[in-house]
$ cat my_file-v9.tsv   # TSV, C-alpha atoms
chain	number	residue	atom	x	y	z
Y	1	MET	CA	29.15	-12.57	21.27
Y	2	SER	CA	30.04	-10.58	18.17
Y	3	ASP	CA	29.05	-6.96	17.83
Y	4	THR	CA	26.05	-6.60	15.52
Y	5	ILE	CA	27.18	-3.37	13.89
Y	6	GLU	CA	30.65	-4.77	13.19
Y	7	LEU	CA	29.14	-7.90	11.69
Y	8	LEU	CA	26.80	-5.86	9.48
Y	9	GLU	CA	29.67	-3.67	8.31
Y	10	ALA	CA	31.82	-6.71	7.56
Y	11	ILE	CA	29.02	-8.30	5.54
Y	12	GLY	CA	28.25	-5.04	3.74
Y	13	ARG	CA	31.76	-4.59	2.40
Y	14	ASP	CA	32.47	-8.24	1.55
Y	15	ALA	CA	31.57	-9.19	-2.02
Y	16	SER	CA	31.32	-12.85	-1.05
Y	17	LEU	CA	28.79	-12.14	1.70
Y	18	ARG	CA	26.77	-9.12	0.53
Y	19	HIS	CA	24.48	-11.19	-1.69
Y	20	ALA	CA	24.98	-14.55	0.02
Y	21	SER	CA	21.98	-16.77	0.63
Y	22	ALA	CA	20.32	-16.89	4.04
Y	23	GLN	CA	21.79	-20.38	4.45
Y	24	VAL	CA	25.38	-19.21	3.92
Y	25	LEU	CA	24.88	-16.11	6.06
Y	26	SER	CA	23.40	-18.16	8.86
Y	27	LYS	CA	26.56	-20.30	9.00
Y	28	VAL	CA	28.82	-17.24	8.89
Y	29	ILE	CA	27.03	-15.41	11.68
Y	30	ALA	CA	26.79	-18.56	13.77
Y	31	GLN	CA	30.59	-18.85	13.62
Y	32	ALA	CA	30.78	-15.19	14.62
Y	33	HIS	CA	28.46	-15.80	17.59
Y	34	ALA	CA	25.87	-13.28	16.44
Y	35	THR	CA	23.04	-12.18	18.71
Y	36	GLU	CA	19.75	-14.02	18.73
Y	37	ALA	CA	18.03	-11.04	17.05
Y	38	PHE	CA	20.60	-11.03	14.26
Y	39	THR	CA	20.26	-14.77	13.78
Y	40	LYS	CA	16.46	-14.53	13.60
Y	41	THR	CA	16.70	-11.63	11.11
Y	42	VAL	CA	18.93	-13.59	8.75
Y	43	ALA	CA	16.81	-16.72	9.03
Y	44	SER	CA	13.48	-14.96	8.47
Y	45	GLY	CA	14.46	-12.00	6.27
Y	46	ASP	CA	12.51	-9.84	8.72
Y	47	SER	CA	14.68	-6.96	9.95
Y	48	SER	CA	12.20	-6.04	12.68
Y	49	TRP	CA	14.09	-8.46	14.97
Y	50	LEU	CA	17.18	-6.27	14.62
Y	51	SER	CA	15.13	-3.10	14.97
Y	52	ALA	CA	14.02	-4.38	18.37
Y	53	GLU	CA	17.68	-4.85	19.37
Y	54	PHE	CA	18.36	-1.17	18.60
Y	55	GLY	CA	15.15	0.28	19.96
Y	56	GLN	CA	12.08	0.34	17.74
Y	57	ARG	CA	11.66	4.06	17.25
Y	58	PRO	CA	10.40	5.06	13.80
Y	59	MET	CA	12.68	6.99	11.47
Y	60	PHE	CA	11.21	9.56	9.12
Y	61	THR	CA	12.73	9.68	5.67
Y	62	THR	CA	11.06	12.50	3.75
Y	63	GLN	CA	13.55	15.32	3.22
Y	64	ILE	CA	11.81	17.43	0.61
Y	65	SER	CA	8.33	18.87	0.19
Y	66	GLN	CA	6.49	19.88	-2.95
Y	67	ILE	CA	4.08	22.73	-2.38
Y	68	SER	CA	6.45	24.51	-4.71
Y	69	ALA	CA	9.99	23.86	-5.84
Y	70	TYR	CA	10.33	27.66	-5.77
Y	71	GLU	CA	8.44	28.56	-2.59
Y	72	ASN	CA	10.67	26.17	-0.66
Y	73	ASP	CA	13.52	28.61	-1.18
Y	74	GLU	CA	11.75	31.57	0.42
Y	75	ALA	CA	12.72	32.68	3.91
Y	76	ASP	CA	10.21	32.46	6.76
X	1	MET	CA	43.64	6.73	7.95
X	2	ASN	CA	44.37	10.37	7.07
X	3	ASN	CA	47.79	10.90	5.47
X	4	PRO	CA	49.93	13.11	7.78
X	5	LEU	CA	51.70	14.52	4.71
X	6	LEU	CA	48.39	15.96	3.54
X	7	GLN	CA	47.11	17.51	6.77
X	8	ARG	CA	46.15	21.17	6.70
X	9	PRO	CA	47.97	23.36	9.19
X	10	ASP	CA	45.75	24.27	12.16
X	11	GLY	CA	46.10	27.94	11.35
X	12	MET	CA	43.81	27.46	8.36
X	13	ARG	CA	40.91	26.05	10.41
X	14	ARG	CA	37.66	27.99	10.43
X	15	GLY	CA	33.96	27.18	10.24
X	16	GLY	CA	32.96	25.07	7.30
X	17	LEU	CA	30.33	22.65	6.12
X	18	ALA	CA	30.46	19.38	4.25
X	19	CYS	CA	27.28	17.52	3.33
X	20	VAL	CA	27.87	13.88	2.53
X	21	GLY	CA	25.84	10.76	1.92
X	22	MET	CA	26.04	7.45	3.77
X	23	GLY	CA	24.78	5.68	0.69
X	24	MET	CA	21.86	3.33	1.05
X	25	THR	CA	23.28	0.07	2.46
X	26	LEU	CA	25.22	-0.12	5.72
X	27	GLY	CA	28.82	-1.11	5.10
X	28	SER	CA	28.53	-1.14	1.32
X	29	HIS	CA	28.21	2.42	0.07
X	30	LEU	CA	30.06	4.88	2.32
X	31	THR	CA	32.81	6.44	0.23
X	32	PRO	CA	36.32	6.98	1.62
X	33	LEU	CA	35.93	10.72	1.16
X	34	ALA	CA	32.60	10.85	2.99
X	35	ARG	CA	34.10	8.89	5.88
X	36	SER	CA	37.03	11.30	5.97
X	37	HIS	CA	34.66	14.29	6.19
X	38	ILE	CA	32.87	12.60	9.07
X	39	GLU	CA	36.06	11.77	10.93
X	40	GLN	CA	37.56	15.24	10.45
X	41	ALA	CA	34.47	17.16	11.50
X	42	ASP	CA	34.13	18.87	14.87
X	43	VAL	CA	30.44	17.98	14.95
X	44	VAL	CA	28.25	15.70	12.84
X	45	PHE	CA	24.54	16.09	12.16
X	46	ALA	CA	22.66	13.06	10.85
X	47	ALA	CA	19.43	12.61	8.91
X	48	LEU	CA	19.40	8.89	8.18
X	49	SER	CA	16.77	6.34	7.28
X	50	ASP	CA	17.59	3.55	9.69
X	51	ARG	CA	18.27	3.47	13.44
X	52	ILE	CA	21.00	0.86	12.96
X	53	VAL	CA	22.79	2.98	10.34
X	54	GLU	CA	22.65	5.87	12.80
X	55	ALA	CA	24.28	3.63	15.41
X	56	TRP	CA	27.00	2.76	12.88
X	57	LEU	CA	27.65	6.45	12.24
X	58	GLN	CA	27.89	7.13	15.96
X	59	ARG	CA	30.92	4.82	16.07
X	60	MET	CA	32.75	7.01	13.57
X	61	HIS	CA	32.54	10.22	15.60
X	62	GLY	CA	32.10	11.21	19.22
X	63	ASP	CA	29.57	14.00	18.60
X	64	VAL	CA	26.80	12.83	16.27
X	65	ARG	CA	23.55	14.75	16.66
X	66	SER	CA	20.47	13.18	15.14
X	67	LEU	CA	18.14	15.47	13.18
X	68	GLN	CA	15.26	13.00	13.57
X	69	PRO	CA	13.86	14.65	16.76
X	70	TYR	CA	12.98	17.75	14.75
X	71	TYR	CA	10.28	15.83	12.86
X	72	GLN	CA	6.86	15.92	14.46
X	73	GLU	CA	3.47	14.74	13.29
X	74	GLY	CA	1.34	17.83	12.66
X	75	LYS	CA	4.38	20.09	12.21
X	76	SER	CA	5.22	21.39	8.75
X	77	ARG	CA	8.17	19.48	7.36
X	78	MET	CA	9.43	22.74	5.78
X	79	ARG	CA	9.82	24.08	9.30
X	80	THR	CA	11.79	20.95	10.19
X	81	TYR	CA	14.06	21.32	7.17
X	82	ARG	CA	14.72	24.99	7.98
X	83	GLU	CA	15.54	24.03	11.58
X	84	TRP	CA	18.09	21.56	10.25
X	85	VAL	CA	19.78	24.36	8.31
X	86	ASP	CA	19.73	26.59	11.38
X	87	VAL	CA	21.32	24.06	13.73
X	88	MET	CA	24.07	23.26	11.23
X	89	MET	CA	24.76	26.93	10.50
X	90	THR	CA	24.89	27.78	14.21
X	91	GLU	CA	27.90	25.48	14.54
X	92	VAL	CA	29.49	26.70	11.30
X	93	ARG	CA	29.25	30.30	12.51
X	94	ALA	CA	30.81	29.21	15.81
X	95	GLY	CA	33.89	28.25	13.80
X	96	LYS	CA	33.31	24.51	13.74
X	97	ARG	CA	33.87	22.10	10.88
X	98	VAL	CA	30.39	20.68	10.44
X	99	CYS	CA	29.52	17.52	8.58
X	100	GLY	CA	25.88	16.93	7.64
X	101	VAL	CA	25.30	13.24	6.90
X	102	PHE	CA	22.25	12.19	4.91
X	103	TYR	CA	21.11	8.81	3.67
X	104	GLY	CA	21.83	8.01	0.05
X	105	HIS	CA	23.05	11.10	-1.80
X	106	PRO	CA	22.83	14.34	0.21
X	107	GLY	CA	21.59	16.38	-2.72
X	108	ILE	CA	18.83	14.19	-4.13
X	109	PHE	CA	15.33	14.72	-2.75
X	110	ALA	CA	16.85	16.62	0.14
X	111	TRP	CA	16.20	20.34	0.63
X	112	SER	CA	18.30	21.15	3.69
X	113	PRO	CA	21.78	20.21	2.42
X	114	HIS	CA	21.51	22.44	-0.65
X	115	LYS	CA	20.10	25.30	1.43
X	116	ALA	CA	22.73	24.93	4.15
X	117	ILE	CA	25.55	24.94	1.61
X	118	ALA	CA	24.15	27.98	-0.20
X	119	THR	CA	23.76	29.80	3.12
X	120	ALA	CA	27.26	28.90	4.30
X	121	ARG	CA	28.84	30.05	1.04
X	122	SER	CA	26.87	33.30	1.04
X	123	GLU	CA	28.37	34.02	4.46
X	124	GLY	CA	31.90	33.33	3.25
X	125	PHE	CA	32.36	29.85	4.68
X	126	GLU	CA	33.76	26.91	2.79
X	127	ALA	CA	31.00	24.46	1.99
X	128	THR	CA	30.95	21.37	-0.14
X	129	MET	CA	28.65	18.53	-1.09
X	130	GLU	CA	30.04	15.07	-1.84
X	131	PRO	CA	27.91	12.74	-3.95
X	132	GLY	CA	26.70	9.49	-2.40
X	133	ILE	CA	25.13	6.33	-3.73
X	134	SER	CA	21.46	7.18	-3.92
X	135	ALA	CA	18.25	5.16	-3.83
X	136	GLU	CA	18.00	5.91	-7.54
X	137	ASP	CA	21.36	4.24	-8.16
X	138	CYS	CA	20.26	1.16	-6.25
X	139	LEU	CA	16.97	1.11	-8.16
X	140	TYR	CA	18.75	0.93	-11.52
X	141	ALA	CA	20.96	-1.92	-10.29
X	142	ASP	CA	18.22	-3.91	-8.57
X	143	LEU	CA	15.60	-3.55	-11.31
X	144	GLY	CA	17.99	-3.87	-14.27
X	145	ILE	CA	17.07	-0.49	-15.72
X	146	ASP	CA	19.46	1.63	-17.79
X	147	PRO	CA	18.08	5.18	-17.80
X	148	GLY	CA	20.09	5.89	-20.94
X	149	ARG	CA	18.23	3.35	-23.05
X	150	LEU	CA	14.77	4.91	-23.19
X	151	GLY	CA	15.13	7.90	-20.88
X	152	CYS	CA	13.88	8.25	-17.35
X	153	GLN	CA	11.80	10.96	-15.69
X	154	HIS	CA	11.85	11.40	-11.94
X	155	PHE	CA	9.26	13.32	-9.95
X	156	GLU	CA	8.34	13.68	-6.34
X	157	ALA	CA	4.86	12.17	-6.56
X	158	SER	CA	3.00	15.15	-5.11
X	159	GLN	CA	4.48	17.49	-7.68
X	160	LEU	CA	2.63	15.51	-10.37
X	161	LEU	CA	-0.62	16.34	-8.57
X	162	PHE	CA	0.09	19.97	-7.64
X	163	TYR	CA	1.36	20.99	-11.08
X	164	GLU	CA	0.63	20.14	-14.68
X	165	ARG	CA	3.73	18.20	-15.63
X	166	ARG	CA	4.32	16.48	-18.96
X	167	ILE	CA	4.90	12.77	-18.80
X	168	ASP	CA	6.66	10.88	-21.60
X	169	SER	CA	5.30	7.35	-21.38
X	170	THR	CA	7.81	6.04	-23.92
X	171	GLY	CA	10.46	6.16	-21.21
X	172	TYR	CA	10.62	5.17	-17.55
X	173	LEU	CA	8.79	7.22	-14.94
X	174	VAL	CA	9.95	7.07	-11.32
X	175	LEU	CA	7.79	8.54	-8.58
X	176	TRP	CA	9.25	9.24	-5.15
X	177	GLN	CA	7.57	9.72	-1.79
X	178	VAL	CA	4.35	8.11	-3.00
X	179	GLY	CA	3.54	7.24	0.61
X	180	ILE	CA	2.75	10.91	1.31
X	181	VAL	CA	1.35	11.78	-2.10
X	182	GLY	CA	-1.03	14.72	-2.13
X	183	ASP	CA	-0.19	16.06	1.31
X	184	MET	CA	-0.59	19.83	1.01
X	185	SER	CA	-0.27	20.37	4.76
X	186	LEU	CA	3.37	19.12	4.78
X	187	ALA	CA	2.52	17.88	8.25
X	188	ARG	CA	1.65	14.24	7.65
X	189	PHE	CA	3.91	11.23	7.26
X	190	ARG	CA	1.47	9.19	5.27
X	191	THR	CA	-1.59	9.71	3.15
X	192	GLY	CA	-4.07	6.96	2.37
X	193	ALA	CA	-5.63	5.06	-0.50
X	194	GLU	CA	-7.88	7.97	-1.56
X	195	TYR	CA	-4.83	10.16	-2.23
X	196	ARG	CA	-3.10	7.40	-4.20
X	197	GLN	CA	-6.32	7.06	-6.21
X	198	VAL	CA	-5.93	10.70	-7.25
X	199	LEU	CA	-2.41	9.86	-8.41
X	200	VAL	CA	-3.71	6.85	-10.37
X	201	ASP	CA	-6.35	9.05	-12.00
X	202	VAL	CA	-3.67	11.52	-13.12
X	203	LEU	CA	-1.41	8.72	-14.40
X	204	SER	CA	-4.31	7.06	-16.24
X	205	GLU	CA	-4.21	9.93	-18.72
X	206	ASP	CA	-0.94	8.47	-20.02
X	207	TYR	CA	-1.02	4.83	-18.90
X	208	PRO	CA	-3.63	2.08	-19.15
X	209	LEU	CA	-4.99	0.98	-15.78
X	210	ASP	CA	-3.74	-2.56	-16.37
X	211	HIS	CA	-0.19	-1.31	-16.90
X	212	GLU	CA	2.20	-3.28	-14.68
X	213	ILE	CA	4.13	-1.02	-12.31
X	214	ILE	CA	6.82	-1.73	-9.74
X	215	ILE	CA	6.84	-0.76	-6.07
X	216	TYR	CA	10.46	-0.77	-4.95
X	217	ARG	CA	12.49	-0.36	-1.79
X	218	GLY	CA	16.25	-0.84	-1.70
X	219	ALA	CA	18.11	-2.62	1.08
X	220	THR	CA	19.43	-0.49	3.95
X	221	LEU	CA	21.01	-3.43	5.77
X	222	PRO	CA	23.40	-5.75	3.92
X	223	ILE	CA	21.45	-8.80	5.08
X	224	GLU	CA	18.30	-7.53	3.36
X	225	LYS	CA	17.15	-8.06	-0.18
X	226	PRO	CA	15.46	-5.22	-2.09
X	227	ARG	CA	11.67	-5.27	-1.84
X	228	ILE	CA	10.12	-5.49	-5.29
X	229	GLN	CA	6.37	-5.78	-5.87
X	230	ARG	CA	4.73	-5.82	-9.28
X	231	VAL	CA	1.13	-4.65	-9.34
X	232	LEU	CA	-1.28	-3.21	-11.84
X	233	LEU	CA	-1.62	0.58	-11.90
X	234	ARG	CA	-5.29	0.32	-10.88
X	235	ASP	CA	-4.28	-1.60	-7.74
X	236	LEU	CA	-1.77	0.99	-6.48
X	237	PRO	CA	-4.19	2.66	-4.02
X	238	HIS	CA	-4.60	-0.53	-2.01
X	239	ALA	CA	-1.13	-2.02	-2.42
X	240	ALA	CA	0.88	-2.48	0.77
X	241	MET	CA	3.46	0.27	0.80
X	242	THR	CA	5.60	2.23	3.20
X	243	ALA	CA	6.98	5.77	3.13
X	244	GLU	CA	10.35	4.44	1.91
X	245	GLU	CA	8.95	2.88	-1.25
X	246	THR	CA	9.24	4.19	-4.78
X	247	VAL	CA	6.97	3.55	-7.73
X	248	VAL	CA	8.39	2.80	-11.18
X	249	LEU	CA	6.27	2.89	-14.34
X	250	PRO	CA	7.99	1.11	-17.23
X	251	PRO	CA	7.36	2.47	-20.72
X	252	ALA	CA	3.80	2.10	-21.97
X	253	ALA	CA	4.43	2.99	-25.61
X	254	ALA	CA	7.16	2.58	-28.21
X	255	LEU	CA	9.39	5.45	-29.26
X	256	LYS	CA	7.96	7.31	-32.25
X	257	PRO	CA	10.55	8.30	-34.87
X	258	ASN	CA	10.77	12.02	-35.60
X	259	VAL	CA	10.57	11.84	-39.40
X	260	ALA	CA	11.03	15.56	-40.09
X	261	ILE	CA	14.16	15.87	-37.97
X	262	ARG	CA	15.62	12.65	-39.36
X	263	GLU	CA	15.17	14.05	-42.87
X	264	ARG	CA	16.89	17.25	-41.81
X	265	LEU	CA	19.82	15.27	-40.36
X	266	ALA	CA	20.04	13.15	-43.52
X	267	ALA	CA	20.31	16.35	-45.56
X	268	LEU	CA	23.17	17.51	-43.33
X	269	ASP	CA	24.90	14.13	-43.75
X	270	GLU	CA	24.65	14.51	-47.51
X	271	LEU	CA	26.20	17.99	-47.35
X	272	HIS	CA	29.10	16.65	-45.30
X	273	GLU	CA	29.63	13.84	-47.79
X	274	LEU	CA	29.77	16.44	-50.56
X	275	ASP	CA	32.32	18.43	-48.47
X	276	LYS	CA	34.53	15.34	-48.24
X	277	VAL	CA	34.36	14.73	-51.97
X	278	GLY	CA	35.21	18.37	-52.68
X	279	ALA	CA	38.18	18.48	-50.23
X	280	PRO	CA	41.66	18.71	-51.76

$ encode --input "my_file-v9.tsv" --output "structure tokens"
Amino acid sequence: MSDTIELLEAIGRDASLRHASAQVLSKVIAQAHATEAFTKTVASGDSSWLSAEFGQRPMFTTQISQISAYENDEAD
Amino acid sequence: MNNPLLQRPDGMRRGGLACVGMGMTLGSHLTPLARSHIEQADVVFAALSDRIVEAWLQRMHGDVRSLQPYYQEGKSRMRTYREWVDVMMTEVRAGKRVCGVFYGHPGIFAWSPHKAIATARSEGFEATMEPGISAEDCLYADLGIDPGRLGCQHFEASQLLFYERRIDSTGYLVLWQVGIVGDMSLARFRTGAEYRQVLVDVLSEDYPLDHEIIIYRGATLPIEKPRIQRVLLRDLPHAAMTAEETVVLPPAAALKPNVAIRERLAALDELHELDKVGAP
């Protein structure tokens, strides 16, 4: 069974695959023996299947706060 | 692969910091230089947006330390961001080459990388930031917007509420972190419909409530498509949206020619024409 991360990286850097349809991608990943979660993600467009494969812990994405653009620079 | 002809002699090694971006989409956006910083670092710290992207990064280096555990509901995010700077600087001061890896571009809507670099430089360490492909870059590509055509203002959404900012509705307006708009505690990871209603009320001073806006999220995995919703401004409070989504307001009015300045420029053009005629 192909490694999910390697497959994702290969798709991400390949111009012929990056924007391919779900139908084309499904054939490609089937040939690469992708995991069931990967296959379901491509078929459904729902990446929560893959999230489950990697452990569904939430990631926080806010990296700036706006009480003040200036106050943020003050030391504690 | 690093070129052996270009390797620095070990005698020049000392603590240093490089802040780089992974870009937004796994496999598609990591620059060669950013990858080189990662591979050459003694230790890597990561603040990424996706668990799978974090797993990808962990394959590039044997010591990747996630900064995610420092977030905590109820804890001021400013405290978290300062802790990030502290943990990176601890390793820099220990003489390590540190690479801080952030999603997108490390210097856009990210406080800690800029602060860490300024701190490292003030203490005499080498520190650099390498640009990455940001969510903004993906937004322009996915939505077909050229910021140069009509201009584009970007604000963190809460700043529009906390301060009196001037909006130019003849250009594009992009609002970031709308999912936590209005949070003055800095300790929440989402605010609700009532807070977004305050944002709508502020925006309604410059935009009609039936103005079509876009709620956008770029793809982080290469098998994803960008998420694009078009809703009316009045419906923003109750639209389905996550913390990763961005709101775009297309122009609501046409550009208004500046007649006085155009006349002044025309007068200058006439003078220059006269100069040409008078030249030997």

$ closest_residue --input "my_file-v9.tsv" --among "X:Leu161, X:Met60, X:Ala187, X:Ile223" --to "chain Y" --atoms "all atoms listed in the file"
X:Ile223

$ residues_around --input "my_file-v9.tsv" --residues "region 48-54 of chain Y" --least-positions-apart "3" --cutoff "10 Å" --atoms "all atoms listed in the file" --output "PDB file with C-alpha atoms, in the coordinates of the input"
ATOM      1  CA  THR Y   4      26.050  -6.600  15.520  1.00  0.00           C
ATOM      2  CA  THR Y  35      23.040 -12.180  18.710  1.00  0.00           C
ATOM      3  CA  GLU Y  36      19.750 -14.020  18.730  1.00  0.00           C
ATOM      4  CA  ALA Y  37      18.030 -11.040  17.050  1.00  0.00           C
ATOM      5  CA  PHE Y  38      20.600 -11.030  14.260  1.00  0.00           C
ATOM      6  CA  THR Y  39      20.260 -14.770  13.780  1.00  0.00           C
ATOM      7  CA  LYS Y  40      16.460 -14.530  13.600  1.00  0.00           C
ATOM      8  CA  THR Y  41      16.700 -11.630  11.110  1.00  0.00           C
ATOM      9  CA  VAL Y  42      18.930 -13.590   8.750  1.00  0.00           C
ATOM     10  CA  SER Y  44      13.480 -14.960   8.470  1.00  0.00           C
ATOM     11  CA  GLY Y  45      14.460 -12.000   6.270  1.00  0.00           C
ATOM     12  CA  ARG Y  57      11.660   4.060  17.250  1.00  0.00           C
ATOM     13  CA  PRO Y  58      10.400   5.060  13.800  1.00  0.00           C
TER      14      PRO Y  58
ATOM     15  CA  ASP X  50      17.590   3.550   9.690  1.00  0.00           C
ATOM     16  CA  ARG X  51      18.270   3.470  13.440  1.00  0.00           C
ATOM     17  CA  ILE X  52      21.000   0.860  12.960  1.00  0.00           C
ATOM     18  CA  ALA X  55      24.280   3.630  15.410  1.00  0.00           C
TER      19      ALA X  55
END

$ closest_residue --input "my_file-v9.tsv" --among "X:Val20, X:Leu221, X:Ala240, X:Ile215" --to "Ile5 (chain Y)" --atoms "only C-alpha atoms"
X:Leu221

$ atom_distance --input "my_file-v9.tsv" --atom1 "CA of Arg166 (chain X)" --atom2 "CA of Thr242 (chain X)"
26.4 Å

$ residues_around --input "my_file-v9.tsv" --residues "region 244-248 of chain X" --least-positions-apart "2" --cutoff "8 Å" --atoms "only C-alpha atoms" --output "list in words"
Thr61 of chain Y; Tyr172, Leu173, Val174, Leu175, Trp176, Gln177, Val178, Gly179, Ile213, Ile214, Ile215, Tyr216, Arg217, Met241, Thr242 and Pro250 of chain X

$ closest_atom_pairs --input "my_file-v9.tsv" --of "chain Y" --to "chain X" --cutoff "8 Å" --atoms "only C-alpha atoms" --output "JSON lines"
{"residue": "Y:Ile5", "atom": "CA", "partner": "X:Trp56", "partner_atom": "CA", "distance": 6.2}
{"residue": "Y:Leu8", "atom": "CA", "partner": "X:Pro222", "partner_atom": "CA", "distance": 6.5}
{"residue": "Y:Glu9", "atom": "CA", "partner": "X:Gly27", "partner_atom": "CA", "distance": 4.2}
{"residue": "Y:Ala10", "atom": "CA", "partner": "X:Gly27", "partner_atom": "CA", "distance": 6.8}
{"residue": "Y:Ile11", "atom": "CA", "partner": "X:Pro222", "partner_atom": "CA", "distance": 6.4}
{"residue": "Y:Gly12", "atom": "CA", "partner": "X:Gly27", "partner_atom": "CA", "distance": 4.2}
{"residue": "Y:Arg13", "atom": "CA", "partner": "X:Ser28", "partner_atom": "CA", "distance": 4.8}
{"residue": "Y:Arg18", "atom": "CA", "partner": "X:Pro222", "partner_atom": "CA", "distance": 5.8}
{"residue": "Y:His19", "atom": "CA", "partner": "X:Ile223", "partner_atom": "CA", "distance": 7.8}
{"residue": "Y:Val42", "atom": "CA", "partner": "X:Ile223", "partner_atom": "CA", "distance": 6.5}
{"residue": "Y:Gly45", "atom": "CA", "partner": "X:Glu224", "partner_atom": "CA", "distance": 6.6}
{"residue": "Y:Ser47", "atom": "CA", "partner": "X:Glu224", "partner_atom": "CA", "distance": 7.5}
{"residue": "Y:Ser51", "atom": "CA", "partner": "X:Ile52", "partner_atom": "CA", "distance": 7.4}
{"residue": "Y:Phe54", "atom": "CA", "partner": "X:Ile52", "partner_atom": "CA", "distance": 6.5}
{"residue": "Y:Gly55", "atom": "CA", "partner": "X:Arg51", "partner_atom": "CA", "distance": 7.9}
{"residue": "Y:Arg57", "atom": "CA", "partner": "X:Arg51", "partner_atom": "CA", "distance": 7.7}
{"residue": "Y:Met59", "atom": "CA", "partner": "X:Ser49", "partner_atom": "CA", "distance": 5.9}
{"residue": "Y:Phe60", "atom": "CA", "partner": "X:Ser49", "partner_atom": "CA", "distance": 6.7}
{"residue": "Y:Thr61", "atom": "CA", "partner": "X:Ser49", "partner_atom": "CA", "distance": 5.5}
{"residue": "Y:Thr62", "atom": "CA", "partner": "X:Gln177", "partner_atom": "CA", "distance": 7.1}
{"residue": "Y:Gln63", "atom": "CA", "partner": "X:Ala110", "partner_atom": "CA", "distance": 4.7}
{"residue": "Y:Ile64", "atom": "CA", "partner": "X:Ala110", "partner_atom": "CA", "distance": 5.1}
{"residue": "Y:Ser65", "atom": "CA", "partner": "X:Leu186", "partner_atom": "CA", "distance": 6.8}
{"residue": "Y:Gln66", "atom": "CA", "partner": "X:Gln159", "partner_atom": "CA", "distance": 5.7}
{"residue": "Y:Ile67", "atom": "CA", "partner": "X:Met184", "partner_atom": "CA", "distance": 6.5}
{"residue": "Y:Ser68", "atom": "CA", "partner": "X:Gln159", "partner_atom": "CA", "distance": 7.9}
{"residue": "Y:Asn72", "atom": "CA", "partner": "X:Met78", "partner_atom": "CA", "distance": 7.4}
{"residue": "Y:Asp73", "atom": "CA", "partner": "X:Lys115", "partner_atom": "CA", "distance": 7.8}

$ build_atoms --input "my_file-v9.tsv" --residues "region 115-129 of chain X" --atoms "N, CA and C atoms" --output "PDB file, keeping the file's coordinate frame"
ATOM      1  N   LYS X 115      20.354  23.991   0.820  1.00  0.00           N
ATOM      2  CA  LYS X 115      20.100  25.300   1.430  1.00  0.00           C
ATOM      3  C   LYS X 115      21.217  25.663   2.405  1.00  0.00           C
ATOM      4  N   ALA X 116      21.668  24.673   3.171  1.00  0.00           N
ATOM      5  CA  ALA X 116      22.730  24.930   4.150  1.00  0.00           C
ATOM      6  C   ALA X 116      24.023  25.320   3.436  1.00  0.00           C
ATOM      7  N   ILE X 117      24.326  24.638   2.354  1.00  0.00           N
ATOM      8  CA  ILE X 117      25.550  24.940   1.610  1.00  0.00           C
ATOM      9  C   ILE X 117      25.464  26.329   0.978  1.00  0.00           C
ATOM     10  N   ALA X 118      24.322  26.653   0.398  1.00  0.00           N
ATOM     11  CA  ALA X 118      24.150  27.980  -0.200  1.00  0.00           C
ATOM     12  C   ALA X 118      24.275  29.063   0.869  1.00  0.00           C
ATOM     13  N   THR X 119      23.699  28.825   2.034  1.00  0.00           N
ATOM     14  CA  THR X 119      23.760  29.800   3.120  1.00  0.00           C
ATOM     15  C   THR X 119      25.198  29.974   3.600  1.00  0.00           C
ATOM     16  N   ALA X 120      25.888  28.840   3.810  1.00  0.00           N
ATOM     17  CA  ALA X 120      27.260  28.900   4.300  1.00  0.00           C
ATOM     18  C   ALA X 120      28.154  29.665   3.315  1.00  0.00           C
ATOM     19  N   ARG X 121      28.011  29.365   2.049  1.00  0.00           N
ATOM     20  CA  ARG X 121      28.840  30.050   1.040  1.00  0.00           C
ATOM     21  C   ARG X 121      28.525  31.536   0.979  1.00  0.00           C
ATOM     22  N   SER X 122      27.247  31.882   1.106  1.00  0.00           N
ATOM     23  CA  SER X 122      26.870  33.300   1.040  1.00  0.00           C
ATOM     24  C   SER X 122      27.455  34.071   2.211  1.00  0.00           C
ATOM     25  N   GLU X 123      27.776  33.368   3.295  1.00  0.00           N
ATOM     26  CA  GLU X 123      28.370  34.020   4.460  1.00  0.00           C
ATOM     27  C   GLU X 123      29.887  33.906   4.473  1.00  0.00           C
ATOM     28  N   GLY X 124      30.453  33.376   3.382  1.00  0.00           N
ATOM     29  CA  GLY X 124      31.900  33.330   3.250  1.00  0.00           C
ATOM     30  C   GLY X 124      32.567  32.082   3.807  1.00  0.00           C
ATOM     31  N   PHE X 125      31.776  31.092   4.178  1.00  0.00           N
ATOM     32  CA  PHE X 125      32.360  29.850   4.680  1.00  0.00           C
ATOM     33  C   PHE X 125      32.588  28.872   3.541  1.00  0.00           C
ATOM     34  N   GLU X 126      33.565  28.000   3.737  1.00  0.00           N
ATOM     35  CA  GLU X 126      33.760  26.910   2.790  1.00  0.00           C
ATOM     36  C   GLU X 126      32.633  25.898   2.989  1.00  0.00           C
ATOM     37  N   ALA X 127      32.079  25.445   1.897  1.00  0.00           N
ATOM     38  CA  ALA X 127      31.000  24.460   1.990  1.00  0.00           C
ATOM     39  C   ALA X 127      31.054  23.580   0.765  1.00  0.00           C
ATOM     40  N   THR X 128      30.873  22.302   0.968  1.00  0.00           N
ATOM     41  CA  THR X 128      30.950  21.370  -0.140  1.00  0.00           C
ATOM     42  C   THR X 128      29.930  20.245   0.018  1.00  0.00           C
ATOM     43  N   MET X 129      29.515  19.703  -1.096  1.00  0.00           N
ATOM     44  CA  MET X 129      28.650  18.530  -1.090  1.00  0.00           C
ATOM     45  C   MET X 129      29.379  17.408  -1.815  1.00  0.00           C
TER      46      MET X 129
END
